[in-house]
Amino acid sequence: MDVTRVDRWLWSIRLYKTRSEATEACRGGHVHVNRAAAKPATPVRVGDRITARAGGRERVVEVARVIDKRVGATVAAECFVDHSPPPPPREFVAPPLLRDPSSGRPTKRDRRQIDRLRRG
């Protein structure tokens with residue numbers, strides 16, 4: 001096989017969880033093949049560069065092997081070369097405020113401190 005649909009290929013390499021999700025990404029303009037907007041049926045060949053918005057970040061992959069069926073993760077990883085920029089560093093999220101359940105109802109002072117922590 002030397003050509004397949006872009007939505008099938010993106011689903012096969014596990015960039016999107018479902019094929020319909022890959023199709024919707026193409027229809028929404030989130031997928032480009034060789035810098036041109038791609039429809040779901042756009043053909044993909046070895047050497048094509050695909051830019052897709054998936055998982056909240058921009059992914060840039062190069063087609064190393066054309067597949068059209070979902071395969072194991074190790075085989076799928078061999079079918080593309082990832083040129084994506086590194087993901088942004090994770091933001092620090094404060095742990096949720098935990099109170100001892102047996103401490104009873106918070107006092108007015110405690111509640112104000114809790115509200116201050118929640119607002120940031």
# chains A, B, ... in the order shown; residues from 1 in each chain; ligands from 1

$ select_by_dssp --residues "chain A" --states "strand (DSSP E or B)" --output "list of chain:residue names"
A:Thr4, A:Arg5, A:Val31, A:His32, A:Val33, A:Ala36, A:Ala37, A:Pro43, A:Val44, A:Arg49, A:Ile50, A:Thr51, A:Ala52, A:Arg53, A:Ala54, A:Arg57, A:Glu58, A:Arg59, A:Val60, A:Val61, A:Glu62, A:Val63, A:Phe80, A:Val81, A:Asp82

$ write_last_selection --atoms "N, CA and C atoms" --output "PDB file, in the first residue's frame"
ATOM      1  N   THR A   4      -3.152   6.252   1.382  1.00  0.00           N
ATOM      2  CA  THR A   4      -4.354   6.059   2.185  1.00  0.00           C
ATOM      3  C   THR A   4      -4.933   7.420   2.538  1.00  0.00           C
ATOM      4  N   ARG A   5      -6.121   7.416   3.103  1.00  0.00           N
ATOM      5  CA  ARG A   5      -6.786   8.655   3.521  1.00  0.00           C
ATOM      6  C   ARG A   5      -6.106   9.214   4.765  1.00  0.00           C
ATOM      7  N   VAL A  31      -6.114  19.957  10.494  1.00  0.00           N
ATOM      8  CA  VAL A  31      -5.128  19.054   9.884  1.00  0.00           C
ATOM      9  C   VAL A  31      -4.653  19.656   8.568  1.00  0.00           C
ATOM     10  N   HIS A  32      -3.323  19.668   8.380  1.00  0.00           N
ATOM     11  CA  HIS A  32      -2.722  20.144   7.137  1.00  0.00           C
ATOM     12  C   HIS A  32      -1.741  19.081   6.640  1.00  0.00           C
ATOM     13  N   VAL A  33      -1.790  18.815   5.346  1.00  0.00           N
ATOM     14  CA  VAL A  33      -0.845  17.896   4.714  1.00  0.00           C
ATOM     15  C   VAL A  33       0.040  18.732   3.799  1.00  0.00           C
ATOM     16  N   ALA A  36      -0.990  22.362   3.316  1.00  0.00           N
ATOM     17  CA  ALA A  36      -2.275  22.641   2.673  1.00  0.00           C
ATOM     18  C   ALA A  36      -3.376  22.030   3.542  1.00  0.00           C
ATOM     19  N   ALA A  37      -4.470  22.766   3.719  1.00  0.00           N
ATOM     20  CA  ALA A  37      -5.583  22.255   4.516  1.00  0.00           C
ATOM     21  C   ALA A  37      -6.056  20.926   3.934  1.00  0.00           C
ATOM     22  N   PRO A  43      -5.200  12.232   0.153  1.00  0.00           N
ATOM     23  CA  PRO A  43      -4.266  11.098   0.134  1.00  0.00           C
ATOM     24  C   PRO A  43      -2.974  11.407   0.886  1.00  0.00           C
ATOM     25  N   VAL A  44      -2.429  10.379   1.527  1.00  0.00           N
ATOM     26  CA  VAL A  44      -1.185  10.493   2.289  1.00  0.00           C
ATOM     27  C   VAL A  44      -0.202   9.478   1.722  1.00  0.00           C
ATOM     28  N   ARG A  49       4.385  15.520   5.180  1.00  0.00           N
ATOM     29  CA  ARG A  49       4.460  16.103   6.515  1.00  0.00           C
ATOM     30  C   ARG A  49       3.056  16.555   6.902  1.00  0.00           C
ATOM     31  N   ILE A  50       2.583  16.051   8.026  1.00  0.00           N
ATOM     32  CA  ILE A  50       1.222  16.332   8.482  1.00  0.00           C
ATOM     33  C   ILE A  50       1.289  17.138   9.767  1.00  0.00           C
ATOM     34  N   THR A  51       0.556  18.240   9.799  1.00  0.00           N
ATOM     35  CA  THR A  51       0.435  19.070  10.993  1.00  0.00           C
ATOM     36  C   THR A  51      -0.988  18.928  11.489  1.00  0.00           C
ATOM     37  N   ALA A  52      -1.134  18.517  12.749  1.00  0.00           N
ATOM     38  CA  ALA A  52      -2.471  18.290  13.302  1.00  0.00           C
ATOM     39  C   ALA A  52      -2.555  18.853  14.713  1.00  0.00           C
ATOM     40  N   ARG A  53      -3.701  19.403  15.024  1.00  0.00           N
ATOM     41  CA  ARG A  53      -3.957  19.897  16.379  1.00  0.00           C
ATOM     42  C   ARG A  53      -4.658  18.764  17.116  1.00  0.00           C
ATOM     43  N   ALA A  54      -3.929  18.132  18.059  1.00  0.00           N
ATOM     44  CA  ALA A  54      -4.483  16.988  18.786  1.00  0.00           C
ATOM     45  C   ALA A  54      -4.058  17.073  20.247  1.00  0.00           C
ATOM     46  N   ARG A  57      -2.451  20.420  21.641  1.00  0.00           N
ATOM     47  CA  ARG A  57      -1.163  20.937  21.170  1.00  0.00           C
ATOM     48  C   ARG A  57      -0.963  20.609  19.693  1.00  0.00           C
ATOM     49  N   GLU A  58      -0.022  21.306  19.097  1.00  0.00           N
ATOM     50  CA  GLU A  58       0.285  21.137  17.679  1.00  0.00           C
ATOM     51  C   GLU A  58       1.235  19.956  17.507  1.00  0.00           C
ATOM     52  N   ARG A  59       0.851  18.989  16.671  1.00  0.00           N
ATOM     53  CA  ARG A  59       1.696  17.827  16.397  1.00  0.00           C
ATOM     54  C   ARG A  59       2.136  17.878  14.942  1.00  0.00           C
ATOM     55  N   VAL A  60       3.427  17.704  14.704  1.00  0.00           N
ATOM     56  CA  VAL A  60       3.979  17.682  13.361  1.00  0.00           C
ATOM     57  C   VAL A  60       4.614  16.309  13.165  1.00  0.00           C
ATOM     58  N   VAL A  61       4.074  15.526  12.239  1.00  0.00           N
ATOM     59  CA  VAL A  61       4.575  14.177  12.000  1.00  0.00           C
ATOM     60  C   VAL A  61       4.861  13.989  10.513  1.00  0.00           C
ATOM     61  N   GLU A  62       5.851  13.155  10.245  1.00  0.00           N
ATOM     62  CA  GLU A  62       6.207  12.814   8.873  1.00  0.00           C
ATOM     63  C   GLU A  62       5.850  11.354   8.652  1.00  0.00           C
ATOM     64  N   VAL A  63       5.245  11.055   7.527  1.00  0.00           N
ATOM     65  CA  VAL A  63       4.805   9.699   7.220  1.00  0.00           C
ATOM     66  C   VAL A  63       6.032   8.853   6.865  1.00  0.00           C
ATOM     67  N   PHE A  80       5.627   6.678  11.782  1.00  0.00           N
ATOM     68  CA  PHE A  80       5.778   8.118  11.637  1.00  0.00           C
ATOM     69  C   PHE A  80       7.022   8.604  12.376  1.00  0.00           C
ATOM     70  N   VAL A  81       7.502   9.766  11.942  1.00  0.00           N
ATOM     71  CA  VAL A  81       8.618  10.443  12.602  1.00  0.00           C
ATOM     72  C   VAL A  81       8.051  11.718  13.198  1.00  0.00           C
ATOM     73  N   ASP A  82       8.212  11.881  14.501  1.00  0.00           N
ATOM     74  CA  ASP A  82       7.622  13.022  15.203  1.00  0.00           C
ATOM     75  C   ASP A  82       8.573  14.216  15.167  1.00  0.00           C
TER      76      ASP A  82
END

$ closest_atom_pairs --of "region 27-112 of chain A" --to "region 12-21 of chain A" --cutoff "8 Å" --atoms "only C-alpha atoms" --output "JSON lines"
{"residue": "A:Ala54", "atom": "CA", "partner": "A:Leu15", "partner_atom": "CA", "distance": 6.9}
{"residue": "A:Ile67", "atom": "CA", "partner": "A:Ser12", "partner_atom": "CA", "distance": 6.8}
{"residue": "A:Asp68", "atom": "CA", "partner": "A:Ser12", "partner_atom": "CA", "distance": 6.0}
{"residue": "A:Lys69", "atom": "CA", "partner": "A:Ser12", "partner_atom": "CA", "distance": 5.5}
{"residue": "A:Arg70", "atom": "CA", "partner": "A:Ser12", "partner_atom": "CA", "distance": 4.3}
{"residue": "A:Val71", "atom": "CA", "partner": "A:Ser12", "partner_atom": "CA", "distance": 6.6}
{"residue": "A:Ala73", "atom": "CA", "partner": "A:Arg14", "partner_atom": "CA", "distance": 7.6}
{"residue": "A:Ala76", "atom": "CA", "partner": "A:Ile13", "partner_atom": "CA", "distance": 4.7}
{"residue": "A:Ala77", "atom": "CA", "partner": "A:Ile13", "partner_atom": "CA", "distance": 6.8}
{"residue": "A:Cys79", "atom": "CA", "partner": "A:Ile13", "partner_atom": "CA", "distance": 7.0}
{"residue": "A:Phe80", "atom": "CA", "partner": "A:Ile13", "partner_atom": "CA", "distance": 7.7}

$ atom_distance --atom1 "CA of Gly56 (chain A)" --atom2 "CA of Ala38 (chain A)"
18.8 Å

$ select_by_dssp --residues "chain A" --states "helix (DSSP H, G or I)" --output "ChimeraX atom specification"
/A:6-12,19-27,73-77,101-103,108-119

$ write_last_selection --atoms "C-alpha atoms" --output "PDB file, in the first residue's frame"
ATOM      1  CA  VAL A   6      -5.390  11.144   6.032  1.00  0.00           C
ATOM      2  CA  ASP A   7      -8.170  10.536   8.569  1.00  0.00           C
ATOM      3  CA  ARG A   8      -7.562   6.773   8.495  1.00  0.00           C
ATOM      4  CA  TRP A   9      -3.815   7.221   8.837  1.00  0.00           C
ATOM      5  CA  LEU A  10      -4.113   9.628  11.787  1.00  0.00           C
ATOM      6  CA  TRP A  11      -6.436   7.185  13.532  1.00  0.00           C
ATOM      7  CA  SER A  12      -4.165   4.234  12.709  1.00  0.00           C
ATOM      8  CA  ARG A  19     -11.653   7.727  13.283  1.00  0.00           C
ATOM      9  CA  SER A  20     -14.637  10.033  13.568  1.00  0.00           C
ATOM     10  CA  GLU A  21     -12.539  12.328  15.794  1.00  0.00           C
ATOM     11  CA  ALA A  22      -9.838  12.396  13.096  1.00  0.00           C
ATOM     12  CA  THR A  23     -12.469  13.117  10.446  1.00  0.00           C
ATOM     13  CA  GLU A  24     -13.918  15.994  12.479  1.00  0.00           C
ATOM     14  CA  ALA A  25     -10.425  17.446  12.981  1.00  0.00           C
ATOM     15  CA  CYS A  26      -9.924  17.430   9.207  1.00  0.00           C
ATOM     16  CA  ARG A  27     -13.299  19.040   8.576  1.00  0.00           C
ATOM     17  CA  ALA A  73       1.263   0.923  19.627  1.00  0.00           C
ATOM     18  CA  THR A  74       4.814  -0.252  18.909  1.00  0.00           C
ATOM     19  CA  VAL A  75       4.040  -0.828  15.216  1.00  0.00           C
ATOM     20  CA  ALA A  76       2.177   2.488  15.002  1.00  0.00           C
ATOM     21  CA  ALA A  77       5.188   4.326  16.459  1.00  0.00           C
ATOM     22  CA  PRO A 101     -13.355  15.270  58.456  1.00  0.00           C
ATOM     23  CA  SER A 102     -13.615  15.047  62.211  1.00  0.00           C
ATOM     24  CA  SER A 103     -12.687  18.711  62.745  1.00  0.00           C
ATOM     25  CA  LYS A 108     -15.618  32.032  59.799  1.00  0.00           C
ATOM     26  CA  ARG A 109     -11.847  32.623  59.840  1.00  0.00           C
ATOM     27  CA  ASP A 110     -11.177  29.163  58.347  1.00  0.00           C
ATOM     28  CA  ARG A 111     -13.749  29.742  55.610  1.00  0.00           C
ATOM     29  CA  ARG A 112     -12.154  33.068  54.634  1.00  0.00           C
ATOM     30  CA  GLN A 113      -8.748  31.401  54.404  1.00  0.00           C
ATOM     31  CA  ILE A 114     -10.207  28.633  52.253  1.00  0.00           C
ATOM     32  CA  ASP A 115     -11.849  31.191  49.947  1.00  0.00           C
ATOM     33  CA  ARG A 116      -8.564  33.104  49.681  1.00  0.00           C
ATOM     34  CA  LEU A 117      -6.731  29.922  48.650  1.00  0.00           C
ATOM     35  CA  ARG A 118      -9.351  29.000  46.065  1.00  0.00           C
ATOM     36  CA  ARG A 119      -9.266  32.435  44.396  1.00  0.00           C
TER      37      ARG A 119
END

$ atom_distance --atom1 "CA of Arg45 (chain A)" --atom2 "CA of His83 (chain A)"
16.9 Å

$ decode --residues "chain A" --atoms "C-alpha atoms" --output "PDB file, in the first residue's frame"
ATOM      1  CA  MET A   1       0.000   0.000   0.000  1.00  0.00           C
ATOM      2  CA  ASP A   2       1.399   3.381  -0.937  1.00  0.00           C
ATOM      3  CA  VAL A   3      -1.603   5.738  -0.427  1.00  0.00           C
ATOM      4  CA  THR A   4      -4.354   6.059   2.185  1.00  0.00           C
ATOM      5  CA  ARG A   5      -6.786   8.655   3.521  1.00  0.00           C
ATOM      6  CA  VAL A   6      -5.390  11.144   6.032  1.00  0.00           C
ATOM      7  CA  ASP A   7      -8.170  10.536   8.569  1.00  0.00           C
ATOM      8  CA  ARG A   8      -7.562   6.773   8.495  1.00  0.00           C
ATOM      9  CA  TRP A   9      -3.815   7.221   8.837  1.00  0.00           C
ATOM     10  CA  LEU A  10      -4.113   9.628  11.787  1.00  0.00           C
ATOM     11  CA  TRP A  11      -6.436   7.185  13.532  1.00  0.00           C
ATOM     12  CA  SER A  12      -4.165   4.234  12.709  1.00  0.00           C
ATOM     13  CA  ILE A  13      -1.086   5.837  14.277  1.00  0.00           C
ATOM     14  CA  ARG A  14      -3.148   6.725  17.366  1.00  0.00           C
ATOM     15  CA  LEU A  15      -2.954  10.502  17.050  1.00  0.00           C
ATOM     16  CA  TYR A  16      -6.743  10.535  17.522  1.00  0.00           C
ATOM     17  CA  LYS A  17      -8.713   8.034  19.599  1.00  0.00           C
ATOM     18  CA  THR A  18     -11.441   7.443  17.029  1.00  0.00           C
ATOM     19  CA  ARG A  19     -11.653   7.727  13.283  1.00  0.00           C
ATOM     20  CA  SER A  20     -14.637  10.033  13.568  1.00  0.00           C
ATOM     21  CA  GLU A  21     -12.539  12.328  15.794  1.00  0.00           C
ATOM     22  CA  ALA A  22      -9.838  12.396  13.096  1.00  0.00           C
ATOM     23  CA  THR A  23     -12.469  13.117  10.446  1.00  0.00           C
ATOM     24  CA  GLU A  24     -13.918  15.994  12.479  1.00  0.00           C
ATOM     25  CA  ALA A  25     -10.425  17.446  12.981  1.00  0.00           C
ATOM     26  CA  CYS A  26      -9.924  17.430   9.207  1.00  0.00           C
ATOM     27  CA  ARG A  27     -13.299  19.040   8.576  1.00  0.00           C
ATOM     28  CA  GLY A  28     -12.590  21.650  11.255  1.00  0.00           C
ATOM     29  CA  GLY A  29      -9.357  22.744   9.584  1.00  0.00           C
ATOM     30  CA  HIS A  30      -7.058  21.331  12.277  1.00  0.00           C
ATOM     31  CA  VAL A  31      -5.128  19.054   9.884  1.00  0.00           C
ATOM     32  CA  HIS A  32      -2.722  20.144   7.137  1.00  0.00           C
ATOM     33  CA  VAL A  33      -0.845  17.896   4.714  1.00  0.00           C
ATOM     34  CA  ASN A  34       2.291  19.528   3.310  1.00  0.00           C
ATOM     35  CA  ARG A  35       1.043  22.947   4.545  1.00  0.00           C
ATOM     36  CA  ALA A  36      -2.275  22.641   2.673  1.00  0.00           C
ATOM     37  CA  ALA A  37      -5.583  22.255   4.516  1.00  0.00           C
ATOM     38  CA  ALA A  38      -6.680  18.628   4.373  1.00  0.00           C
ATOM     39  CA  LYS A  39     -10.089  17.098   3.868  1.00  0.00           C
ATOM     40  CA  PRO A  40     -10.665  13.648   5.416  1.00  0.00           C
ATOM     41  CA  ALA A  41     -10.076  11.901   2.062  1.00  0.00           C
ATOM     42  CA  THR A  42      -6.809  13.712   1.269  1.00  0.00           C
ATOM     43  CA  PRO A  43      -4.266  11.098   0.134  1.00  0.00           C
ATOM     44  CA  VAL A  44      -1.185  10.493   2.289  1.00  0.00           C
ATOM     45  CA  ARG A  45       2.087   9.079   0.947  1.00  0.00           C
ATOM     46  CA  VAL A  46       5.453   8.261   2.480  1.00  0.00           C
ATOM     47  CA  GLY A  47       7.403  11.471   3.068  1.00  0.00           C
ATOM     48  CA  ASP A  48       4.361  13.739   3.547  1.00  0.00           C
ATOM     49  CA  ARG A  49       4.460  16.103   6.515  1.00  0.00           C
ATOM     50  CA  ILE A  50       1.222  16.332   8.482  1.00  0.00           C
ATOM     51  CA  THR A  51       0.435  19.070  10.993  1.00  0.00           C
ATOM     52  CA  ALA A  52      -2.471  18.290  13.302  1.00  0.00           C
ATOM     53  CA  ARG A  53      -3.957  19.897  16.379  1.00  0.00           C
ATOM     54  CA  ALA A  54      -4.483  16.988  18.786  1.00  0.00           C
ATOM     55  CA  GLY A  55      -4.672  16.799  22.537  1.00  0.00           C
ATOM     56  CA  GLY A  56      -4.521  20.563  22.927  1.00  0.00           C
ATOM     57  CA  ARG A  57      -1.163  20.937  21.170  1.00  0.00           C
ATOM     58  CA  GLU A  58       0.285  21.137  17.679  1.00  0.00           C
ATOM     59  CA  ARG A  59       1.696  17.827  16.397  1.00  0.00           C
ATOM     60  CA  VAL A  60       3.979  17.682  13.361  1.00  0.00           C
ATOM     61  CA  VAL A  61       4.575  14.177  12.000  1.00  0.00           C
ATOM     62  CA  GLU A  62       6.207  12.814   8.873  1.00  0.00           C
ATOM     63  CA  VAL A  63       4.805   9.699   7.220  1.00  0.00           C
ATOM     64  CA  ALA A  64       7.401   6.885   7.385  1.00  0.00           C
ATOM     65  CA  ARG A  65       5.016   4.060   6.475  1.00  0.00           C
ATOM     66  CA  VAL A  66       1.449   4.069   5.180  1.00  0.00           C
ATOM     67  CA  ILE A  67      -1.069   1.996   7.134  1.00  0.00           C
ATOM     68  CA  ASP A  68      -4.857   2.127   7.091  1.00  0.00           C
ATOM     69  CA  LYS A  69      -5.785  -0.260   9.887  1.00  0.00           C
ATOM     70  CA  ARG A  70      -5.293   0.229  13.591  1.00  0.00           C
ATOM     71  CA  VAL A  71      -2.230  -1.679  14.779  1.00  0.00           C
ATOM     72  CA  GLY A  72      -0.363  -2.116  18.042  1.00  0.00           C
ATOM     73  CA  ALA A  73       1.263   0.923  19.627  1.00  0.00           C
ATOM     74  CA  THR A  74       4.814  -0.252  18.909  1.00  0.00           C
ATOM     75  CA  VAL A  75       4.040  -0.828  15.216  1.00  0.00           C
ATOM     76  CA  ALA A  76       2.177   2.488  15.002  1.00  0.00           C
ATOM     77  CA  ALA A  77       5.188   4.326  16.459  1.00  0.00           C
ATOM     78  CA  GLU A  78       7.334   3.005  13.596  1.00  0.00           C
ATOM     79  CA  CYS A  79       4.980   4.462  10.980  1.00  0.00           C
ATOM     80  CA  PHE A  80       5.778   8.118  11.637  1.00  0.00           C
ATOM     81  CA  VAL A  81       8.618  10.443  12.602  1.00  0.00           C
ATOM     82  CA  ASP A  82       7.622  13.022  15.203  1.00  0.00           C
ATOM     83  CA  HIS A  83       8.887  16.567  14.509  1.00  0.00           C
ATOM     84  CA  SER A  84       6.597  18.196  17.085  1.00  0.00           C
ATOM     85  CA  PRO A  85       7.949  20.923  19.332  1.00  0.00           C
ATOM     86  CA  PRO A  86       8.303  19.794  22.946  1.00  0.00           C
ATOM     87  CA  PRO A  87       5.137  20.169  25.026  1.00  0.00           C
ATOM     88  CA  PRO A  88       4.961  23.279  27.204  1.00  0.00           C
ATOM     89  CA  PRO A  89       5.939  22.756  30.836  1.00  0.00           C
ATOM     90  CA  ARG A  90       3.085  21.794  33.094  1.00  0.00           C
ATOM     91  CA  GLU A  91       1.685  24.519  35.259  1.00  0.00           C
ATOM     92  CA  PHE A  92       1.859  24.027  38.970  1.00  0.00           C
ATOM     93  CA  VAL A  93      -1.553  23.267  40.376  1.00  0.00           C
ATOM     94  CA  ALA A  94      -1.997  23.561  44.102  1.00  0.00           C
ATOM     95  CA  PRO A  95      -3.211  20.376  45.755  1.00  0.00           C
ATOM     96  CA  PRO A  96      -6.834  20.429  46.819  1.00  0.00           C
ATOM     97  CA  LEU A  97      -7.520  21.761  50.249  1.00  0.00           C
ATOM     98  CA  LEU A  98      -7.974  18.813  52.568  1.00  0.00           C
ATOM     99  CA  ARG A  99      -9.510  19.176  55.976  1.00  0.00           C
ATOM    100  CA  ASP A 100      -9.766  16.572  58.648  1.00  0.00           C
ATOM    101  CA  PRO A 101     -13.355  15.270  58.456  1.00  0.00           C
ATOM    102  CA  SER A 102     -13.615  15.047  62.211  1.00  0.00           C
ATOM    103  CA  SER A 103     -12.687  18.711  62.745  1.00  0.00           C
ATOM    104  CA  GLY A 104     -16.292  19.836  62.331  1.00  0.00           C
ATOM    105  CA  ARG A 105     -17.646  22.835  60.533  1.00  0.00           C
ATOM    106  CA  PRO A 106     -15.072  25.496  59.531  1.00  0.00           C
ATOM    107  CA  THR A 107     -15.070  28.705  61.493  1.00  0.00           C
ATOM    108  CA  LYS A 108     -15.618  32.032  59.799  1.00  0.00           C
ATOM    109  CA  ARG A 109     -11.847  32.623  59.840  1.00  0.00           C
ATOM    110  CA  ASP A 110     -11.177  29.163  58.347  1.00  0.00           C
ATOM    111  CA  ARG A 111     -13.749  29.742  55.610  1.00  0.00           C
ATOM    112  CA  ARG A 112     -12.154  33.068  54.634  1.00  0.00           C
ATOM    113  CA  GLN A 113      -8.748  31.401  54.404  1.00  0.00           C
ATOM    114  CA  ILE A 114     -10.207  28.633  52.253  1.00  0.00           C
ATOM    115  CA  ASP A 115     -11.849  31.191  49.947  1.00  0.00           C
ATOM    116  CA  ARG A 116      -8.564  33.104  49.681  1.00  0.00           C
ATOM    117  CA  LEU A 117      -6.731  29.922  48.650  1.00  0.00           C
ATOM    118  CA  ARG A 118      -9.351  29.000  46.065  1.00  0.00           C
ATOM    119  CA  ARG A 119      -9.266  32.435  44.396  1.00  0.00           C
ATOM    120  CA  GLY A 120      -5.491  32.426  44.189  1.00  0.00           C
TER     121      GLY A 120
END
